[in-house]
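Structure data (mmCIF, C-alpha atoms and all ligand atoms) from target.cif:
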data_input
#
loop_
_atom_site.label_atom_id
_atom_site.label_comp_id
_atom_site.auth_asym_id
_atom_site.auth_seq_id
_atom_site.Cartn_x
_atom_site.Cartn_y
_atom_site.Cartn_z
CA MET A 285 12.88 -73.74 -24.38
CA LYS A 286 11.50 -77.21 -23.96
CA ILE A 287 12.63 -79.07 -27.08
CA ARG A 288 11.64 -82.63 -27.92
CA ILE A 289 13.36 -84.34 -30.83
CA ILE A 290 12.02 -87.51 -32.45
CA GLY A 291 14.92 -89.43 -33.99
CA GLY A 292 18.54 -89.68 -32.92
CA GLY A 293 20.24 -89.64 -36.32
CA PRO A 294 22.77 -87.00 -37.40
CA ALA A 295 20.10 -84.28 -37.77
CA GLY A 296 18.40 -84.70 -34.40
CA LEU A 297 21.56 -85.29 -32.38
CA TYR A 298 23.45 -82.42 -33.88
CA PHE A 299 20.55 -80.00 -33.46
CA ALA A 300 20.21 -81.07 -29.82
CA SER A 301 23.88 -80.27 -29.18
CA LEU A 302 23.77 -76.93 -30.93
CA MET A 303 20.75 -75.81 -28.90
CA LYS A 304 22.13 -76.99 -25.59
CA ARG A 305 25.46 -75.36 -26.29
CA GLU A 306 23.70 -72.11 -27.17
CA ASP A 307 21.89 -72.10 -23.84
CA PRO A 308 22.37 -74.82 -21.20
CA ALA A 309 19.01 -73.82 -19.72
CA HIS A 310 17.19 -75.34 -22.71
CA ASP A 311 15.49 -78.62 -21.79
CA VAL A 312 16.40 -80.94 -24.69
CA VAL A 313 15.41 -84.61 -25.03
CA VAL A 314 16.04 -86.87 -28.03
CA PHE A 315 13.90 -90.00 -28.48
CA GLU A 316 15.62 -92.72 -30.48
CA ARG A 317 13.74 -95.91 -31.23
CA GLY A 318 16.95 -97.91 -31.74
CA SER A 319 19.52 -98.85 -29.16
CA ARG A 320 22.78 -97.02 -28.50
CA ASP A 321 25.04 -99.57 -30.15
CA ALA A 322 23.05 -100.51 -33.25
CA THR A 323 22.28 -98.76 -36.47
CA TRP A 324 21.48 -99.56 -40.09
CA GLY A 325 23.98 -99.39 -42.92
CA PHE A 326 27.75 -99.18 -42.87
CA GLY A 327 29.88 -96.13 -43.68
CA VAL A 328 28.79 -92.86 -45.24
CA VAL A 329 30.84 -90.74 -47.56
CA PHE A 330 31.15 -86.96 -47.69
CA SER A 331 31.94 -85.49 -51.07
CA ASP A 332 34.30 -82.72 -51.86
CA ARG A 333 35.47 -80.79 -48.87
CA ALA A 334 34.21 -83.30 -46.29
CA LEU A 335 33.30 -81.48 -43.09
CA GLU A 336 34.49 -78.04 -44.18
CA PHE A 337 30.85 -76.94 -44.12
CA LEU A 338 30.95 -77.20 -40.30
CA ARG A 339 34.07 -75.24 -39.76
CA ALA A 340 32.86 -71.66 -39.82
CA ASP A 341 30.06 -72.35 -37.31
CA ASP A 342 31.47 -75.17 -35.27
CA GLU A 343 35.20 -75.80 -35.20
CA ALA A 344 34.78 -78.11 -32.17
CA THR A 345 32.61 -80.65 -34.02
CA TYR A 346 34.85 -80.39 -37.06
CA GLN A 347 37.82 -81.30 -34.86
CA LEU A 348 35.85 -84.06 -33.13
CA LEU A 349 34.91 -85.90 -36.33
CA THR A 350 37.63 -85.16 -38.85
CA PRO A 351 40.33 -87.39 -37.32
CA LEU A 352 37.95 -90.37 -37.56
CA MET A 353 37.52 -90.07 -41.29
CA GLU A 354 39.15 -92.06 -44.06
CA THR A 355 40.12 -89.72 -46.89
CA TRP A 356 41.49 -90.06 -50.39
CA PRO A 357 42.07 -87.67 -53.26
CA ASN A 358 40.82 -89.73 -56.21
CA LEU A 359 37.81 -91.59 -57.49
CA THR A 360 37.96 -94.73 -59.61
CA ILE A 361 35.43 -95.74 -62.22
CA VAL A 362 35.56 -99.43 -63.18
CA HIS A 363 33.89 -100.18 -66.52
CA ASN A 364 33.92 -103.98 -66.62
CA ASP A 365 37.67 -104.66 -66.45
CA THR A 366 38.88 -101.16 -67.33
CA ARG A 367 39.84 -99.00 -64.36
CA ILE A 368 39.77 -95.25 -64.83
CA PRO A 369 41.19 -93.28 -61.92
CA ILE A 370 39.91 -89.71 -61.84
CA ALA A 371 42.01 -87.12 -60.05
CA GLY A 372 40.71 -84.05 -58.25
CA ASN A 373 37.73 -85.69 -56.54
CA GLY A 374 38.40 -85.71 -52.83
CA PHE A 375 36.14 -87.76 -50.56
CA ALA A 376 36.04 -88.63 -46.87
CA ALA A 377 34.12 -91.42 -45.15
CA ILE A 378 33.14 -92.46 -41.64
CA GLY A 379 31.28 -95.44 -40.16
CA ARG A 380 27.67 -94.51 -39.41
CA LEU A 381 27.87 -96.05 -35.94
CA GLU A 382 31.14 -94.25 -35.24
CA LEU A 383 29.60 -90.95 -36.31
CA LEU A 384 26.50 -91.51 -34.17
CA SER A 385 28.54 -92.61 -31.15
CA ARG A 386 30.50 -89.36 -31.24
CA LEU A 387 27.33 -87.34 -31.66
CA TYR A 388 25.67 -89.17 -28.70
CA ALA A 389 28.72 -88.45 -26.53
CA GLN A 390 28.85 -84.83 -27.58
CA ALA A 391 25.13 -84.28 -26.92
CA GLU A 392 25.22 -86.03 -23.54
CA SER A 393 28.30 -84.12 -22.43
CA LEU A 394 26.37 -80.91 -23.07
CA GLY A 395 23.42 -82.12 -20.98
CA VAL A 396 21.04 -83.45 -23.66
CA ARG A 397 19.01 -86.46 -22.50
CA ILE A 398 18.86 -89.25 -25.08
CA GLU A 399 16.21 -91.88 -24.49
CA PHE A 400 17.08 -94.98 -26.49
CA ASP A 401 14.52 -97.67 -27.38
CA SER A 402 11.95 -94.93 -27.04
CA GLU A 403 9.50 -94.25 -29.80
CA PRO A 404 6.79 -91.61 -29.66
CA SER A 405 4.21 -92.75 -32.18
CA SER A 406 1.82 -89.81 -32.05
CA LEU A 407 2.09 -86.06 -31.61
CA ASP A 408 -0.49 -86.54 -28.81
CA ASP A 409 2.03 -88.56 -26.78
CA ALA A 410 1.68 -86.34 -23.71
CA ALA A 411 4.22 -88.26 -21.64
CA ARG A 412 7.00 -87.63 -24.12
CA LEU A 413 6.00 -84.58 -26.11
CA GLY A 414 3.55 -82.79 -23.79
CA GLY A 415 4.27 -79.12 -23.07
CA ALA A 416 7.08 -78.89 -25.63
CA ASP A 417 7.74 -75.49 -27.15
CA LEU A 418 9.25 -77.18 -30.19
CA VAL A 419 8.89 -80.72 -31.56
CA VAL A 420 11.52 -81.65 -34.15
CA ALA A 421 10.71 -84.52 -36.50
CA ALA A 422 14.18 -85.86 -37.32
CA ASN A 423 13.04 -89.44 -37.71
CA GLY A 424 14.38 -90.12 -41.16
CA ALA A 425 13.03 -90.81 -44.63
CA PHE A 426 10.07 -92.83 -43.32
CA SER A 427 9.03 -90.22 -40.74
CA TRP A 428 5.53 -90.89 -39.46
CA VAL A 429 5.25 -87.26 -38.36
CA ARG A 430 5.56 -86.26 -42.01
CA ASN A 431 3.54 -89.16 -43.40
CA GLU A 432 0.60 -88.47 -41.10
CA ASN A 433 0.61 -84.77 -41.95
CA GLU A 434 1.33 -84.83 -45.66
CA ASP A 435 -1.44 -82.38 -46.40
CA LYS A 436 0.00 -79.83 -43.98
CA PHE A 437 3.56 -80.29 -45.24
CA GLY A 438 2.67 -80.59 -48.94
CA THR A 439 4.76 -83.75 -49.18
CA GLU A 440 5.75 -85.20 -52.53
CA THR A 441 7.29 -88.67 -52.75
CA ASP A 442 8.69 -90.01 -55.99
CA LEU A 443 9.64 -93.67 -55.57
CA ARG A 444 12.45 -94.20 -58.07
CA SER A 445 12.67 -97.39 -60.08
CA ASN A 446 16.24 -98.60 -59.41
CA ARG A 447 16.83 -101.13 -56.64
CA PHE A 448 19.70 -100.87 -54.19
CA ILE A 449 20.98 -102.78 -51.20
CA TRP A 450 23.42 -101.41 -48.63
CA TYR A 451 26.10 -103.95 -47.77
CA GLY A 452 29.59 -103.82 -46.29
CA THR A 453 32.70 -105.89 -46.84
CA SER A 454 36.00 -106.58 -45.12
CA LYS A 455 37.79 -105.85 -48.41
CA VAL A 456 39.48 -102.47 -47.93
CA PHE A 457 39.49 -100.30 -51.06
CA ASP A 458 42.11 -97.68 -51.98
CA SER A 459 39.70 -95.06 -53.22
CA LEU A 460 36.04 -94.36 -53.62
CA SER A 461 35.11 -96.64 -56.51
CA LEU A 462 32.12 -97.09 -58.73
CA THR A 463 32.25 -100.47 -60.39
CA PHE A 464 29.90 -101.30 -63.26
CA ARG A 465 29.75 -104.87 -64.54
CA ASN A 466 27.71 -106.25 -67.42
CA THR A 467 26.01 -109.53 -66.59
CA GLU A 468 23.54 -111.75 -68.44
CA HIS A 469 20.76 -110.00 -66.48
CA GLY A 470 21.91 -106.40 -66.99
CA VAL A 471 24.39 -103.97 -65.42
CA PHE A 472 25.32 -104.23 -61.74
CA CYS A 473 26.82 -101.18 -60.08
CA ALA A 474 28.68 -101.18 -56.76
CA HIS A 475 29.42 -97.96 -54.88
CA HIS A 476 32.31 -98.96 -52.63
CA TYR A 477 34.82 -97.26 -50.36
CA ARG A 478 36.58 -97.92 -47.09
CA TYR A 479 35.23 -96.12 -44.06
CA SER A 480 37.64 -97.54 -41.49
CA PRO A 481 41.04 -99.27 -41.73
CA ARG A 482 39.20 -102.63 -41.77
CA MET A 483 35.85 -102.11 -43.41
CA SER A 484 34.25 -100.77 -46.57
CA THR A 485 30.76 -99.89 -47.64
CA PHE A 486 29.59 -101.98 -50.60
CA LEU A 487 26.29 -100.69 -51.96
CA VAL A 488 24.86 -102.59 -54.93
CA GLU A 489 22.46 -100.89 -57.36
CA VAL A 490 20.63 -102.31 -60.39
CA THR A 491 17.74 -101.22 -62.58
CA ASP A 492 14.35 -102.70 -61.83
CA ALA A 493 14.53 -104.77 -65.03
CA THR A 494 17.89 -106.27 -64.00
CA TRP A 495 16.56 -106.95 -60.51
CA ARG A 496 13.62 -108.89 -61.96
CA ARG A 497 15.68 -110.80 -64.54
CA ALA A 498 18.18 -111.83 -61.86
CA GLY A 499 15.29 -113.20 -59.78
CA PHE A 500 16.07 -111.30 -56.60
CA ALA A 501 12.40 -111.19 -55.62
CA ASP A 502 12.54 -114.92 -54.87
CA MET A 503 16.02 -115.14 -53.35
CA SER A 504 16.83 -115.51 -49.69
CA GLU A 505 19.25 -113.11 -47.99
CA GLU A 506 22.04 -115.68 -48.34
CA GLU A 507 21.33 -116.30 -52.03
CA THR A 508 21.27 -112.56 -52.68
CA ILE A 509 24.66 -112.10 -51.06
CA ARG A 510 26.13 -115.06 -52.99
CA HIS A 511 24.80 -113.66 -56.27
CA CYS A 512 26.34 -110.22 -55.63
CA GLU A 513 29.62 -111.82 -54.51
CA GLN A 514 29.78 -113.68 -57.82
CA VAL A 515 29.10 -110.59 -59.91
CA PHE A 516 31.80 -108.62 -58.06
CA ALA A 517 34.22 -111.52 -57.44
CA LYS A 518 37.12 -109.69 -59.16
CA ASP A 519 36.55 -106.62 -57.01
CA LEU A 520 36.06 -108.37 -53.68
CA ASP A 521 39.24 -110.44 -53.90
CA GLY A 522 37.70 -113.32 -51.99
CA GLN A 523 36.41 -111.15 -49.12
CA PRO A 524 32.75 -111.63 -48.13
CA ILE A 525 29.84 -109.26 -48.50
CA LEU A 526 28.35 -108.50 -45.08
CA SER A 527 24.76 -107.60 -44.26
CA ASN A 528 23.46 -105.21 -41.60
CA LYS A 529 19.66 -105.16 -41.76
CA SER A 530 20.30 -105.03 -45.54
CA PHE A 531 17.37 -105.44 -47.91
CA TRP A 532 16.53 -104.29 -51.43
CA ARG A 533 14.97 -100.85 -51.53
CA GLN A 534 13.86 -98.24 -54.03
CA PHE A 535 14.93 -94.68 -53.35
CA PRO A 536 12.11 -92.36 -52.28
CA ALA A 537 12.87 -88.84 -53.53
CA ILE A 538 10.98 -86.80 -50.93
CA SER A 539 10.31 -83.07 -50.73
CA ASN A 540 7.96 -80.83 -48.74
CA ARG A 541 6.51 -77.45 -49.65
CA GLN A 542 5.98 -76.52 -45.99
CA TRP A 543 8.61 -77.37 -43.42
CA SER A 544 6.58 -76.84 -40.26
CA PHE A 545 3.15 -76.35 -38.75
CA GLY A 546 2.39 -75.13 -35.23
CA ASN A 547 5.39 -76.09 -33.11
CA VAL A 548 6.37 -79.11 -35.27
CA VAL A 549 9.27 -78.86 -37.73
CA LEU A 550 10.93 -81.27 -40.16
CA MET A 551 14.67 -81.78 -40.43
CA GLY A 552 17.10 -84.10 -42.23
CA ASP A 553 15.76 -86.99 -44.31
CA ALA A 554 12.30 -86.41 -42.87
CA LEU A 555 12.38 -83.07 -44.66
CA ARG A 556 13.96 -84.26 -47.91
CA THR A 557 16.06 -87.08 -49.24
CA ALA A 558 19.13 -86.68 -51.45
CA HIS A 559 20.29 -89.67 -53.47
CA PHE A 560 23.29 -91.41 -51.90
CA SER A 561 25.27 -91.16 -55.16
CA ILE A 562 26.21 -87.55 -54.42
CA GLY A 563 27.29 -88.25 -50.83
CA SER A 564 25.42 -85.35 -49.27
CA GLY A 565 22.52 -86.67 -47.16
CA THR A 566 24.35 -86.53 -43.85
CA ARG A 567 25.82 -83.16 -44.64
CA LEU A 568 22.39 -81.79 -45.56
CA ALA A 569 20.96 -83.17 -42.31
CA MET A 570 23.68 -81.46 -40.26
CA GLU A 571 23.30 -78.23 -42.23
CA ASP A 572 19.56 -78.26 -41.47
CA ALA A 573 20.45 -78.44 -37.78
CA ILE A 574 22.77 -75.45 -38.09
CA ALA A 575 20.12 -73.50 -40.00
CA LEU A 576 17.36 -74.12 -37.45
CA TRP A 577 19.66 -73.32 -34.52
CA LYS A 578 20.65 -70.01 -36.14
CA ALA A 579 17.06 -69.14 -37.07
CA LEU A 580 15.96 -69.69 -33.45
CA ARG A 581 18.84 -67.53 -32.27
CA ASP A 582 18.12 -64.70 -34.71
CA ALA A 583 14.31 -64.51 -34.78
CA GLY A 584 12.16 -63.01 -32.05
CA SER A 585 9.52 -65.75 -31.93
CA LEU A 586 9.11 -69.42 -32.78
CA ALA A 587 6.85 -68.65 -35.74
CA LYS A 588 9.38 -66.22 -37.20
CA ALA A 589 12.23 -68.64 -36.57
CA LEU A 590 10.49 -71.46 -38.42
CA ALA A 591 9.82 -69.16 -41.37
CA LEU A 592 13.43 -67.95 -41.35
CA TYR A 593 14.72 -71.52 -41.22
CA ARG A 594 12.98 -72.35 -44.50
CA GLU A 595 13.73 -69.01 -46.15
CA ARG A 596 17.48 -69.21 -45.55
CA ARG A 597 17.94 -72.93 -45.99
CA LEU A 598 15.88 -73.57 -49.12
CA PRO A 599 18.16 -72.01 -51.81
CA PRO A 600 21.43 -73.80 -50.90
CA MET A 601 19.58 -77.04 -50.17
CA GLN A 602 17.72 -76.94 -53.49
CA LYS A 603 20.98 -76.65 -55.44
CA ILE A 604 22.26 -79.91 -53.98
CA LEU A 605 18.89 -81.57 -54.32
CA ASP A 606 18.66 -80.69 -58.02
CA ALA A 607 22.10 -82.26 -58.59
CA ALA A 608 21.06 -85.35 -56.62
CA ASN A 609 17.89 -85.77 -58.68
CA VAL A 610 19.84 -85.58 -61.95
CA SER A 611 22.30 -88.11 -60.58
CA ILE A 612 19.44 -90.53 -59.81
CA ARG A 613 18.44 -90.50 -63.48
CA TRP A 614 22.00 -91.15 -64.65
CA TYR A 615 22.02 -94.40 -62.66
CA GLU A 616 18.62 -95.33 -64.07
CA GLU A 617 20.19 -95.15 -67.54
CA MET A 618 23.38 -97.02 -66.69
CA ASP A 619 22.58 -100.05 -68.87
CA GLU A 620 22.47 -97.87 -71.99
CA LEU A 621 25.46 -95.78 -70.88
CA MET A 622 27.62 -98.90 -70.47
CA ALA A 623 27.67 -99.17 -74.28
CA LEU A 624 29.98 -96.12 -74.32
CA PRO A 625 33.75 -96.63 -74.45
CA ALA A 626 35.17 -96.68 -70.92
CA VAL A 627 36.65 -93.17 -71.11
CA ASP A 628 33.40 -91.68 -72.40
CA PHE A 629 31.50 -93.53 -69.70
CA ALA A 630 33.74 -92.09 -66.98
CA TYR A 631 33.40 -88.65 -68.53
CA SER A 632 29.64 -89.01 -68.64
CA TYR A 633 29.71 -89.89 -64.93
CA MET A 634 31.84 -86.85 -64.09
CA THR A 635 29.60 -84.41 -65.96
CA ARG A 636 26.27 -86.07 -65.14
CA THR A 637 24.82 -83.39 -62.88
CA GLY A 638 25.69 -80.51 -65.22
CA ARG A 639 27.77 -78.87 -62.49
CA VAL A 640 31.13 -80.00 -63.92
CA SER A 641 31.99 -78.46 -67.30
CA HIS A 642 34.62 -79.72 -69.72
CA ALA A 643 36.96 -76.95 -68.50
CA GLU A 644 36.45 -78.24 -64.95
CA VAL A 645 37.24 -81.85 -66.01
CA ARG A 646 40.41 -80.50 -67.61
CA ARG A 647 41.33 -78.69 -64.42
CA ARG A 648 40.69 -81.70 -62.20
CA ASP A 649 42.12 -84.40 -64.41
CA PRO A 650 43.93 -83.26 -67.55
CA ALA A 651 44.63 -86.89 -68.59
CA LEU A 652 40.92 -87.80 -68.59
CA ALA A 653 40.04 -84.62 -70.50
CA ALA A 654 42.76 -85.36 -73.07
CA ALA A 655 41.62 -88.99 -73.50
CA TYR A 656 38.04 -87.82 -73.99
CA GLU A 657 39.08 -85.10 -76.45
CA LYS A 658 40.73 -87.74 -78.66
CA ASN A 659 37.27 -89.10 -79.44
CA HIS A 660 35.56 -85.70 -79.55
CA ALA A 661 37.38 -83.38 -81.95
CA ASP A 662 34.92 -80.55 -81.30
CA LEU A 663 36.26 -80.11 -77.75
CA ARG A 664 39.93 -79.94 -78.64
CA ALA A 665 39.89 -76.29 -79.73
CA ASP A 666 38.20 -75.02 -76.53
C1 LIG B 701 21.77 -96.71 -48.90
C2 LIG B 701 22.09 -95.36 -48.38
C3 LIG B 701 23.38 -94.87 -48.48
C4 LIG B 701 23.69 -93.61 -48.01
N1 LIG B 701 24.95 -93.16 -48.16
C5 LIG B 701 25.25 -91.90 -47.77
C6 LIG B 701 26.55 -91.39 -47.92
O1 LIG B 701 27.45 -92.07 -48.42
N2 LIG B 701 26.79 -90.14 -47.50
C7 LIG B 701 25.83 -89.35 -46.92
O2 LIG B 701 26.09 -88.21 -46.54
N3 LIG B 701 24.58 -89.81 -46.77
C8 LIG B 701 24.27 -91.06 -47.18
N4 LIG B 701 23.01 -91.52 -47.03
C9 LIG B 701 21.98 -90.64 -46.48
C10 LIG B 701 22.12 -90.47 -45.00
O3 LIG B 701 22.16 -91.73 -44.36
C11 LIG B 701 20.95 -89.66 -44.50
O4 LIG B 701 20.78 -88.52 -45.31
C12 LIG B 701 21.17 -89.19 -43.08
O5 LIG B 701 21.34 -90.30 -42.22
C13 LIG B 701 19.98 -88.36 -42.61
O6 LIG B 701 20.07 -88.14 -41.24
P1 LIG B 701 18.75 -88.00 -40.38
O7 LIG B 701 19.21 -87.74 -38.99
O8 LIG B 701 17.84 -87.03 -41.00
O9 LIG B 701 18.00 -89.39 -40.48
P2 LIG B 701 18.46 -90.85 -40.06
O10 LIG B 701 19.91 -91.00 -40.13
O11 LIG B 701 17.59 -91.77 -40.83
O12 LIG B 701 18.06 -90.95 -38.53
C14 LIG B 701 16.74 -90.99 -38.12
C15 LIG B 701 16.70 -91.66 -36.76
O13 LIG B 701 15.37 -91.64 -36.29
C16 LIG B 701 15.08 -92.87 -35.67
N5 LIG B 701 13.61 -93.02 -35.67
C17 LIG B 701 12.81 -93.30 -36.70
N6 LIG B 701 11.53 -93.32 -36.32
C18 LIG B 701 11.52 -93.04 -34.99
C19 LIG B 701 10.49 -92.90 -34.02
N7 LIG B 701 9.22 -93.09 -34.31
N8 LIG B 701 10.86 -92.60 -32.73
C20 LIG B 701 12.17 -92.43 -32.40
N9 LIG B 701 13.18 -92.53 -33.30
C21 LIG B 701 12.85 -92.83 -34.57
C22 LIG B 701 15.83 -93.90 -36.48
O14 LIG B 701 16.10 -95.05 -35.71
C23 LIG B 701 17.11 -93.13 -36.80
O15 LIG B 701 18.10 -93.35 -35.84
C24 LIG B 701 22.68 -92.81 -47.46
C25 LIG B 701 21.38 -93.29 -47.31
C26 LIG B 701 21.09 -94.55 -47.79
C27 LIG B 701 19.69 -95.06 -47.66
#

Would you mind writing the file's structure down as structure tokens?
Amino acid sequence: MKIRIIGGGPAGLYFASLMKREDPAHDVVVFERGSRDATWGFGVVFSDRALEFLRADDEATYQLLTPLMETWPNLTIVHNDTRIPIAGNGFAAIGRLELLSRLYAQAESLGVRIEFDSEPSSLDDAARLGGADLVVAANGAFSWVRNENEDKFGTETDLRSNRFIWYGTSKVFDSLSLTFRNTEHGVFCAHHYRYSPRMSTFLVEVTDATWRRAGFADMSEEETIRHCEQVFAKDLDGQPILSNKSFWRQFPAISNRQWSFGNVVLMGDALRTAHFSIGSGTRLAMEDAIALWKALRDAGSLAKALALYRERRLPPMQKILDAANVSIRWYEEMDELMALPAVDFAYSYMTRTGRVSHAEVRRRDPALAAAYEKNHADLRAD
């Protein structure tokens, strides 16, 4: 097959490798508009069982990436100055550039051609896409392939109201932490965790009202960093906040009714976005790649494979997406939730998606469950 992939993020790169490994005769090219040694953001976190989802299908990639990950067994919620460690919540993190570098190397070693600084900007780009059997749009949340064909894909975009900015810091944290601090302008939340022995992600999120009251619209990049450093001074311990193409954004919750038309198919964030608070976007992108690879292997024609891809992938994907969309709303209500006592706030966080019951909190962290039960007599008898 002649396969052309637009976008060299986790979805596109991993799909390229899977296809080339399946059959070295496939002609696979990835077009990446960025350069090899630059990317946006800092580290990404994988919830729960980290890369276990890869293991059954691809032990080699599991072994390639797992040693590079920072892992820890607990999560910490910081409610102003009260720290609540929560046991039984394993996470693993990796630098985005580190992850991509390994995926570039893996793909190239299998014979995939990656063209960096190369950006097809139309499906009629004959030089790059001409004669392809399959064109994969893996060009992220702002995919022009999807945007220009919204009617064919049945795209829905819900731009959420909270504002976030993806920073890093040289402060190295012990566990994945969510720090919530009341300020005169409203609540500031930082999602922070180390992703290498020397660096941590430090993502700041606020409601739109807080963002306006704080005056971020009129602040320079430097002023914005200084403001966030002041809010989180106790957490940063004097270490600086670092920017990497960082700017305030609102999260676009994107979904598509159709996943393909003709020989063009969506994958990864181009297909759907999952809020970063559940740490699943990269995993979903890589799972899409596995699903499309398997569908192409199992179906007798491209049309059948594209239908099979959606049919098999939709149910497990939707489950995670539903949880992500509930999680988005929890953060949108964080100013009101901060009025809860710290233990109740942490409990509310743990149970926010509806997938963790009280019995499950008890199993994961008996001390948190017991502290919560003190204030909620109705749960004690359960
Ligand atoms: C603030 C933030 C924090 C996040 N944190 C996490 C986290 O902790 N854990 C997690 O799992 N996920 C996280 N995510 C989500 C995760 O980054 C994405 O889900 C994942 O990167 C999707 O992979 P992808 O390959 O589909 O898209 P991307 O990673 O966006 O890659 C798309 C690639 O396409 C390229 N491209 C775009 N347009 C073109 C074009 N016209 N031609 C050629 N190339 C093009 C881009 O340069 C990019 O390299 C976070 C996202 C955000 C915004």

Do you know which residues lie at most 12 Å from (9.1, -70.2, -35.6), with coordinates as in the file and only C-alpha atoms counted, and could you write them as a PyMOL selection string? chain A and resi 417-420+543-549+576-595

Can you pull out every residue with an atom within 7 Å of ligand LIG 701 (chain B)? Use only C-alpha atoms and all ligand atoms and format it as a PDB file with C-alpha atoms, in the frame of the given file.
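selection_7.pdb written:
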ATOM      1  CA  ILE A 290      12.020 -87.510 -32.450  1.00  0.00           C
ATOM      2  CA  GLY A 291      14.920 -89.430 -33.990  1.00  0.00           C
ATOM      3  CA  GLY A 292      18.540 -89.680 -32.920  1.00  0.00           C
ATOM      4  CA  GLY A 293      20.240 -89.640 -36.320  1.00  0.00           C
ATOM      5  CA  PRO A 294      22.770 -87.000 -37.400  1.00  0.00           C
ATOM      6  CA  ALA A 295      20.100 -84.280 -37.770  1.00  0.00           C
ATOM      7  CA  GLY A 296      18.400 -84.700 -34.400  1.00  0.00           C
ATOM      8  CA  PHE A 315      13.900 -90.000 -28.480  1.00  0.00           C
ATOM      9  CA  GLU A 316      15.620 -92.720 -30.480  1.00  0.00           C
ATOM     10  CA  ARG A 317      13.740 -95.910 -31.230  1.00  0.00           C
ATOM     11  CA  GLY A 318      16.950 -97.910 -31.740  1.00  0.00           C
ATOM     12  CA  THR A 323      22.280 -98.760 -36.470  1.00  0.00           C
ATOM     13  CA  GLY A 325      23.980 -99.390 -42.920  1.00  0.00           C
ATOM     14  CA  GLY A 327      29.880 -96.130 -43.680  1.00  0.00           C
ATOM     15  CA  VAL A 328      28.790 -92.860 -45.240  1.00  0.00           C
ATOM     16  CA  VAL A 329      30.840 -90.740 -47.560  1.00  0.00           C
ATOM     17  CA  PHE A 330      31.150 -86.960 -47.690  1.00  0.00           C
ATOM     18  CA  SER A 402      11.950 -94.930 -27.040  1.00  0.00           C
ATOM     19  CA  GLU A 403       9.500 -94.250 -29.800  1.00  0.00           C
ATOM     20  CA  PRO A 404       6.790 -91.610 -29.660  1.00  0.00           C
ATOM     21  CA  SER A 405       4.210 -92.750 -32.180  1.00  0.00           C
ATOM     22  CA  ALA A 422      14.180 -85.860 -37.320  1.00  0.00           C
ATOM     23  CA  ASN A 423      13.040 -89.440 -37.710  1.00  0.00           C
ATOM     24  CA  GLY A 424      14.380 -90.120 -41.160  1.00  0.00           C
ATOM     25  CA  ALA A 425      13.030 -90.810 -44.630  1.00  0.00           C
ATOM     26  CA  SER A 427       9.030 -90.220 -40.740  1.00  0.00           C
ATOM     27  CA  TRP A 428       5.530 -90.890 -39.460  1.00  0.00           C
ATOM     28  CA  ILE A 449      20.980-102.780 -51.200  1.00  0.00           C
ATOM     29  CA  TRP A 450      23.420-101.410 -48.630  1.00  0.00           C
ATOM     30  CA  LEU A 487      26.290-100.690 -51.960  1.00  0.00           C
ATOM     31  CA  MET A 551      14.670 -81.780 -40.430  1.00  0.00           C
ATOM     32  CA  GLY A 552      17.100 -84.100 -42.230  1.00  0.00           C
ATOM     33  CA  ASP A 553      15.760 -86.990 -44.310  1.00  0.00           C
ATOM     34  CA  ALA A 554      12.300 -86.410 -42.870  1.00  0.00           C
ATOM     35  CA  THR A 557      16.060 -87.080 -49.240  1.00  0.00           C
ATOM     36  CA  ALA A 558      19.130 -86.680 -51.450  1.00  0.00           C
ATOM     37  CA  PHE A 560      23.290 -91.410 -51.900  1.00  0.00           C
ATOM     38  CA  GLY A 563      27.290 -88.250 -50.830  1.00  0.00           C
ATOM     39  CA  SER A 564      25.420 -85.350 -49.270  1.00  0.00           C
ATOM     40  CA  GLY A 565      22.520 -86.670 -47.160  1.00  0.00           C
ATOM     41  CA  THR A 566      24.350 -86.530 -43.850  1.00  0.00           C
ATOM     42  CA  ARG A 567      25.820 -83.160 -44.640  1.00  0.00           C
ATOM     43  CA  LEU A 568      22.390 -81.790 -45.560  1.00  0.00           C
ATOM     44  CA  ALA A 569      20.960 -83.170 -42.310  1.00  0.00           C
TER      45      ALA A 569
END

Could you tell me how far CA of Leu387 (chain A) sits from CA of Glu571 (chain A), in Å to one decimal place? 14.5 Å

Show me, as a PyMOL selection string, the residues that have an atom within 10 Å of region 638-650 of chain A when counting only C-alpha atoms, minus same-chain residues fewer than 2 positions from it. chain A and resi 358+369-373+607+610-611+631-632+634-636+652-657+663+666

Just C-alpha atoms for this one: save the residues we selected as a compact mmCIF listing (two decimals), in the frame of the given file.
# COMPACT_ATOMS: atom_id res chain seq x y z
CA ASN A 358 40.82 -89.73 -56.21
CA PRO A 369 41.19 -93.28 -61.92
CA ILE A 370 39.91 -89.71 -61.84
CA ALA A 371 42.01 -87.12 -60.05
CA GLY A 372 40.71 -84.05 -58.25
CA ASN A 373 37.73 -85.69 -56.54
CA ALA A 607 22.10 -82.26 -58.59
CA VAL A 610 19.84 -85.58 -61.95
CA SER A 611 22.30 -88.11 -60.58
CA TYR A 631 33.40 -88.65 -68.53
CA SER A 632 29.64 -89.01 -68.64
CA MET A 634 31.84 -86.85 -64.09
CA THR A 635 29.60 -84.41 -65.96
CA ARG A 636 26.27 -86.07 -65.14
CA LEU A 652 40.92 -87.80 -68.59
CA ALA A 653 40.04 -84.62 -70.50
CA ALA A 654 42.76 -85.36 -73.07
CA ALA A 655 41.62 -88.99 -73.50
CA TYR A 656 38.04 -87.82 -73.99
CA GLU A 657 39.08 -85.10 -76.45
CA LEU A 663 36.26 -80.11 -77.75
CA ASP A 666 38.20 -75.02 -76.53
